[in-house]
Structures are given as C-alpha cells and as structure tokens.
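Trainee: Below is a structure I'd like to ask you about.
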Amino acid sequence: MEQGLALHHVGVSFGGLTALDDVSLRAPAGRVVGVIGPNGAGKTTLFNVICGFVTPQSGSLTLDDRALRPRPHQLARLGIARTLQGTGLFAGLTVLENVMTGASHTARAGFLPALLGLPRSDRDERRLRRHALDTLDGLGIAGHAGALPGTLPFAVRQRVALARALAARPRLLLLDEPAGGLGADDIAELATLIRDLPRRDTDPCAVLLVEHHMDLVMSVCDEIVVLDFGRVIAAGTPDEIRAAPAVTDAYLGVAAGEAAQ
Amino acid sequence: MDRFVFLTLDGLSRGSVYAASALALVLIWRAARIVNFAQGAMAVAAAYVAHSVTSATGSYWLGFLAAVVAGLLLGALVDVAVMRLVDHRSPLNPVIVALGLVLLIQAVLGMVYGNEYRPAETPFRRTALSVGGVAVLSPFDLFVFATIAVVVVGLAWIFTRTAVGLRMRAAAFAPEVSRLLGVNVGGMLTLGWALASGVGALAAMLVVPTELGLHPHAMDLVFVSAFTAAVVGGLDSPPGAVVGGLLVGLLLSYVSGYVGSDLTPLAVLALLLAVLLVRPAGLFAPVAARQV
C-alpha cells in the first residue's frame, strides 16, 4: 500500500503535439519528489493534469490509493494545495487573510449564520485566524501578519504563498518554481524549509516540486523524475540522476552548453 | 444660521441613503466589475413588494422585512439568471443588459401596480423636532441614520471578520487563484449580488417616503445621485462610497435650499461630470502617475 500521489501511464496530446507520453510517477507521503527537464519537456502540463486544468487522454491518477479526477475548484477538498509562479497572493488582503483563505474551505458556517451574526461563524473565523497565525509562525513570518503582500520583500511573499498552501493541511503539496526570483541566501533557507515540509504535520504529506534551480532540486529531493519531450527519461535519487547519461545528454548537457556560451 | 443647520442635517440624512445605494453599487463593482445600472429599478421592485405586504397585513415592519428579503432574492436571481449568461469580454455588454433590465422591471411594475404615485408608509413621523427653536431632524430621519449605520457597520463586519466575507473578497481579487484554494467563486458572486441588492432595497425603503411616493421611476434620480456618490468615492472603495454619499447629500441640500430645488438634478450631473473630468478614479484614489 503506497500513500501519496501516483500517475499511471498518463498521456496528453494537444492536436498532433504529444505533451505527456506514458508518464508514470509516484510522490509518496513523507517524501519530496522533484520534476525536472528542459523547457517544453512537459512539466507544466504535468502540473496542469494534477490540478485538473488538463484532462489526460489516457492513463489514471490516484491519491492515497483512491482514484483522482481533479477539478480545479475541488483541489482544496481533495487535499491538494499548490503554490503559483510569482506567488499569486491577493494584493488587497493582508498576509494573515491570505493564509486564512487557504484554509477557508474548512469553515462550515455559511452566509446566513454570518449575516445573522451567529456564534458559529464567529468561532469559525477565530479558528481560521489562529490556524493561519500558527502556520505563519511555523515559517517564521508571523511578524508580517498584518502587512499587505505588496509591501514585503519577495522572499517573504514567497513564504506567505507557501503558508497559504500549507494552511489547507494538504495531502499533496505542489510547488511551482518556488526559487524563481530568489537570491542565493534565500534559496539556501528555502531548501531547509522544503526538506522539512513533508513532516510538518502529524500526518506526512507528499511534496511535488517543479524547479529550474538545479542545486535546490538536488539538495532537497528524495527522488527526482526527469522529463524530456513528454517522456520520463530517468527517475531515482539525486545521486542516480547525476550519474545517468540520458540526463546529462538531455538536460545537464544543454545547461553546460548554455553556460559555456 | 438656523437654515444652514437644518440644511446640513437634512443633507446628511439624504446623503446617508445615497451612501447606502452607492455602497451597493461598489459591492457589485468590486465583485463582478459591473456597474449595476438596474439597481434603482430592482430596489423599487422590492419596495413594491413591501407595499403589497404592508397593505395585506397592515404591518409596516413586515413590509420592511419583505423588501429586504425580496431585494436579496432579486439580486441573486439577476446574477444567476441574467448576468452569468452575459458575455463579459466587452464591459459594455453587462451595462446594456442592466439598462434592459431597468426597462423590463419598470414596465412590469407599471403593468402590475399602475404608473401613478402611491403614498409610501413611514414608521415614524416626518415632522422635524425643534431643539431650542431650531427645526432639526424628524424621528424618521433618526430612523434613517440608525438603519444606515447598522448596515454600514454590518457590511464592514461581514467583509472583515467572517470567513464568508474573506472568501468573497478573495474571489473578487483573484477568481482563478481563489478557485484553486477551494473557494466557490460563482457562489460568492451570487452572494455579492444578493447582498448589494438587499442594501439597495433597504435604501429605497428609506428614501421613497421622502420623495413623491412609490412609482416605477421613483428611484431614477436617487440612482443618479448614488452613482455620482460611488464615482466620487472611487467606485472601488466602500468607505469612499459612504463619504461620497454624504457629500452628494450635502451638496444637493445646499443647492435646493439656497439656489432652488429645480436645480438639484443639474447639480448632481455637474458634480458627476466634474469628478469624471478632473479625478476619474475618485477623490480618494491615490494620485497615479500620468500614463503616456
């Protein structure tokens, strides 16, 4: 019995273009799994399949051994949370409110209790507020709770986005290029943070990371899946991936070539 | 001086109603980026429901309650059955549809209730009390103030201190992201329409008795004032709408008291034009660098 996310022989094509070809991978609970590959390798399509923006033509998905047919608006209830490239924070909400929104699907009281000022909606709101504050505290940014995201440095905003995803207590956490736009020091801190993510809650969650920054991927991932032209060309531990010739050719070779220019 | 005090208080009383109507416009603008030009007509429809309920039961308060409930339901209905189906790619489409709704609602009201003015009931006297020989506010004015205060504070509380309010704000700011976080964006939109239309209905109940009475067109001029108030406030800012409403109320009161009541519609339009020409983002918007 394997907990976490699994893709079984997933295939996606747009018109004549194959975006994902027979892709199988696992992101077990308690692990950080990285997805790397050159531009256009299918990383974004993979995320879009897991989030329900793209329905695969073949194959299937499971989350904690249950069939998964994701729809974007049901993600939170299915136990999937994601961060977005460029944080995607609500500019007009405070940091605390941003994080509260991440967990707001757990609030039971509807509109009428709120309108009538019933205690239930009040309790809900206080519980959300406390939970959000705890989450911010866990990431060391509780001091910014009252600030608007626009006034904060990018590295802090990135953390707020992470807190918003974590506040939902996900079974699967999708990180979309979390190092984008960060400096070297911030990336080192982020690496420590990501390594601890799966075991933050009492119930371990699975973390799937798409990232260009190779050092980060190599240092935080338990397993790495390499995509090229929509196919899985290698999968294994960071050490195995470093040694795999197919990867060096398809990915690191390209990077080395770019660096040489 | 007495006259000035009276006009100021009267202006604030009317202005508070404009403030509530402007607030309703701002609510929908923030949630859906639509200026609901049908708000006045929808509010009159709710006021007619109140009229029917009060006639049938003899109770003003049952009618008042019925108006608010009818307003909430009508708002939700307009969103689900009309606005949701309109192609929003051009901002003009919802505007034209809203104007069509005005014609439709006013025509139906005219067919059902007739196109004549009906006296509107008030729960309190409208004769002004005197303080030291100066005529100030009537009991009805005080009722208007109190009701609007409750509505403004209540809305602020819902939006800032409840989980539903948080979801509504999130859905308005970034619908796509909110959807990913599990927010029912469509439901929040419908809720926003219901809430705004309920507030609009309440405003109609408070302003119609101070005008000529109930008529399918009773809210037309009030709507122009409310729209002006919302534009003065910046259309995106609830506090701006409240301040804008009070400012418009004061302006109209002074114009009608010192210049002549015939000129008030002109004064509103002049103010609207001036704000749109000089500060189109509203008096309270931060001054943006000019885009070249």
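Ordered as shown in the structure tokens, chains take letters A, B, and onward, while each chain numbers its residues from 1 and ligands are numbered from 1 in the order shown.
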Select all residues from chain A having any atom no more than 6 Å from an atom of chain B (counting only C-alpha atoms, ignoring ligands), output as a VMD selection string.
Mentor: chain A and resid 72 to 74 76 102 105 125
Trainee: So which residues touch segment 45-52 of chain B within 8 Å, counting only C-alpha atoms, skipping near sequence neighbours fewer than 4 positions away, as a VMD selection string?
Mentor: chain B and resid 41 56 62 to 68 70 to 71 105 109 120 201 204 to 205 214 216
Trainee: Please identify which residues in segment 125-241 of chain A DSSP calls alpha helix (DSSP H) from the backbone, and express them as number ranges by chain.
Mentor: A: 125-138, 154-166, 184-196, 214-220, 238-241
Trainee: Hey, can you spit out that residue selection with C-alpha atoms as a compact mmCIF listing (two decimals), in the first residue's frame?
Mentor:
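And here's again.txt as it stands now:
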```txt
# COMPACT_ATOMS: atom_id res chain seq x y z
CA GLU A 125 -13.41 32.84 11.91
CA ARG A 126 -11.40 32.78 15.14
CA ARG A 127 -10.28 29.20 14.49
CA LEU A 128 -9.17 30.12 10.95
CA ARG A 129 -7.33 33.17 12.28
CA ARG A 130 -5.50 31.14 14.93
CA HIS A 131 -4.59 28.36 12.50
CA ALA A 132 -3.29 30.89 9.95
CA LEU A 133 -1.22 32.64 12.61
CA ASP A 134 0.24 29.31 13.76
CA THR A 135 1.17 28.46 10.17
CA LEU A 136 2.86 31.85 9.69
CA ASP A 137 4.67 31.36 12.98
CA GLY A 138 5.90 27.95 11.85
CA PHE A 154 9.85 38.90 -2.49
CA ALA A 155 11.39 36.18 -0.31
CA VAL A 156 8.83 36.87 2.43
CA ARG A 157 5.98 36.90 -0.08
CA GLN A 158 7.17 33.54 -1.35
CA ARG A 159 6.94 32.23 2.22
CA VAL A 160 3.44 33.67 2.62
CA ALA A 161 2.38 31.79 -0.51
CA LEU A 162 3.84 28.64 1.00
CA ALA A 163 2.00 29.29 4.28
CA ARG A 164 -1.25 29.74 2.35
CA ALA A 165 -0.78 26.35 0.70
CA LEU A 166 0.21 24.68 3.99
CA ALA A 184 21.34 32.60 -3.23
CA ASP A 185 20.85 33.15 0.53
CA ASP A 186 17.09 32.93 0.22
CA ILE A 187 17.37 29.74 -1.80
CA ALA A 188 19.51 28.13 0.91
CA GLU A 189 16.85 28.99 3.51
CA LEU A 190 14.12 27.76 1.20
CA ALA A 191 15.94 24.42 0.83
CA THR A 192 15.91 23.86 4.59
CA LEU A 193 12.25 24.74 4.66
CA ILE A 194 11.26 22.40 1.81
CA ARG A 195 13.15 19.44 3.31
CA ASP A 196 11.02 19.78 6.45
CA MET A 214 19.30 22.51 -10.14
CA ASP A 215 21.18 22.91 -6.83
CA LEU A 216 17.90 23.29 -4.96
CA VAL A 217 16.35 20.24 -6.59
CA MET A 218 19.44 18.13 -5.93
CA SER A 219 19.65 19.20 -2.29
CA VAL A 220 16.01 18.86 -1.20
CA PRO A 238 19.69 12.74 -6.77
CA ASP A 239 22.92 10.71 -6.94
CA GLU A 240 21.48 8.31 -9.51
CA ILE A 241 20.19 11.22 -11.58
```
Trainee: Using only C-alpha atoms, which of the listed residues (A:Pro178, A:Pro204, A:Gly92, A:Gln85) sits closest to Arg30 of chain B?
Mentor: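 Result for the nearest residue to Arg30 of chain B: A:Gly92.
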Trainee: So which bits of segment 68-176 of chain B end up strand (DSSP E or B) when you DSSP the backbone, as a PyMOL selection string?
Mentor: chain B and resi 118+130-131+134-135
Trainee: Can you tell me, as a ChimeraX atom specification, what residues are no more than 8 Å from Leu129 of chain B when counting only C-alpha atoms, ignoring any on the same chain fewer than 6 positions away?
Mentor: /B:135-139
Trainee: Can I get the selected residues back with C-alpha atoms, as a PDB file, in the first residue's frame?
Mentor:
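Resulting contents of selection02.pdb:
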```pdb
ATOM      1  CA  ALA B 135     -36.027  72.733  13.373  1.00  0.00           C
ATOM      2  CA  VAL B 136     -33.569  69.849  13.165  1.00  0.00           C
ATOM      3  CA  LEU B 137     -34.296  66.199  12.442  1.00  0.00           C
ATOM      4  CA  SER B 138     -37.538  64.247  12.307  1.00  0.00           C
ATOM      5  CA  PRO B 139     -37.941  60.887  14.050  1.00  0.00           C
TER       6      PRO B 139
END
```
Trainee: Using only C-alpha atoms, determine which residues lie at most 7 Å from Asp64 of chain A, disregarding the query and same-chain residues fewer than 2 positions distant; provide the list as an MDAnalysis selection string.
Mentor: chainID A and resid 2:5 62 66
Trainee: Please produce a file of those selected residues containing all heavy atoms, as a PDB file, in the first residue's frame.
Mentor:
```pdb
ATOM      1  N   GLU A   2       0.676   2.050  -0.984  1.00  0.00           N
ATOM      2  CA  GLU A   2       1.509   3.236  -1.157  1.00  0.00           C
ATOM      3  C   GLU A   2       0.663   4.493  -1.031  1.00  0.00           C
ATOM      4  O   GLU A   2      -0.258   4.701  -1.806  1.00  0.00           O
ATOM      5  CB  GLU A   2       2.168   3.196  -2.525  1.00  0.00           C
ATOM      6  CG  GLU A   2       3.090   4.359  -2.782  1.00  0.00           C
ATOM      7  CD  GLU A   2       4.547   3.928  -2.767  1.00  0.00           C
ATOM      8  OE1 GLU A   2       4.841   2.845  -3.263  1.00  0.00           O
ATOM      9  OE2 GLU A   2       5.365   4.690  -2.251  1.00  0.00           O
ATOM     10  N   GLN A   3       0.958   5.345  -0.021  1.00  0.00           N
ATOM     11  CA  GLN A   3       0.227   6.593   0.147  1.00  0.00           C
ATOM     12  C   GLN A   3       0.817   7.641  -0.790  1.00  0.00           C
ATOM     13  O   GLN A   3       1.896   7.455  -1.338  1.00  0.00           O
ATOM     14  CB  GLN A   3       0.360   7.074   1.584  1.00  0.00           C
ATOM     15  CG  GLN A   3      -0.229   6.133   2.604  1.00  0.00           C
ATOM     16  CD  GLN A   3      -1.660   6.471   2.896  1.00  0.00           C
ATOM     17  OE1 GLN A   3      -1.946   7.564   3.352  1.00  0.00           O
ATOM     18  NE2 GLN A   3      -2.575   5.579   2.613  1.00  0.00           N
ATOM     19  N   GLY A   4       0.079   8.733  -0.952  1.00  0.00           N
ATOM     20  CA  GLY A   4       0.591   9.818  -1.776  1.00  0.00           C
ATOM     21  C   GLY A   4       0.011   9.783  -3.179  1.00  0.00           C
ATOM     22  O   GLY A   4      -0.963   9.087  -3.447  1.00  0.00           O
ATOM     23  N   LEU A   5       0.650  10.566  -4.051  1.00  0.00           N
ATOM     24  CA  LEU A   5       0.150  10.701  -5.418  1.00  0.00           C
ATOM     25  C   LEU A   5       0.826   9.689  -6.334  1.00  0.00           C
ATOM     26  O   LEU A   5       2.011   9.417  -6.193  1.00  0.00           O
ATOM     27  CB  LEU A   5       0.435  12.118  -5.931  1.00  0.00           C
ATOM     28  CG  LEU A   5       0.131  12.382  -7.411  1.00  0.00           C
ATOM     29  CD1 LEU A   5      -1.344  12.627  -7.619  1.00  0.00           C
ATOM     30  CD2 LEU A   5       0.953  13.547  -7.933  1.00  0.00           C
ATOM     31  N   THR A  62      -4.006   8.464  -8.939  1.00  0.00           N
ATOM     32  CA  THR A  62      -4.545   8.093  -7.632  1.00  0.00           C
ATOM     33  C   THR A  62      -3.894   8.951  -6.565  1.00  0.00           C
ATOM     34  O   THR A  62      -2.744   9.354  -6.692  1.00  0.00           O
ATOM     35  CB  THR A  62      -4.280   6.610  -7.284  1.00  0.00           C
ATOM     36  OG1 THR A  62      -2.866   6.364  -7.336  1.00  0.00           O
ATOM     37  CG2 THR A  62      -4.986   5.669  -8.236  1.00  0.00           C
ATOM     38  N   ARG A  66      -6.764   6.203  -3.831  1.00  0.00           N
ATOM     39  CA  ARG A  66      -8.117   6.407  -4.344  1.00  0.00           C
ATOM     40  C   ARG A  66      -8.011   7.091  -5.699  1.00  0.00           C
ATOM     41  O   ARG A  66      -7.153   7.957  -5.889  1.00  0.00           O
ATOM     42  CB  ARG A  66      -8.938   7.274  -3.390  1.00  0.00           C
ATOM     43  CG  ARG A  66      -9.553   6.486  -2.236  1.00  0.00           C
ATOM     44  CD  ARG A  66     -10.634   7.308  -1.547  1.00  0.00           C
ATOM     45  NE  ARG A  66     -10.109   8.568  -1.064  1.00  0.00           N
ATOM     46  CZ  ARG A  66      -9.549   8.709   0.143  1.00  0.00           C
ATOM     47  NH1 ARG A  66      -9.456   7.680   0.956  1.00  0.00           N
ATOM     48  NH2 ARG A  66      -9.101   9.876   0.532  1.00  0.00           N
TER      49      ARG A  66
END
```
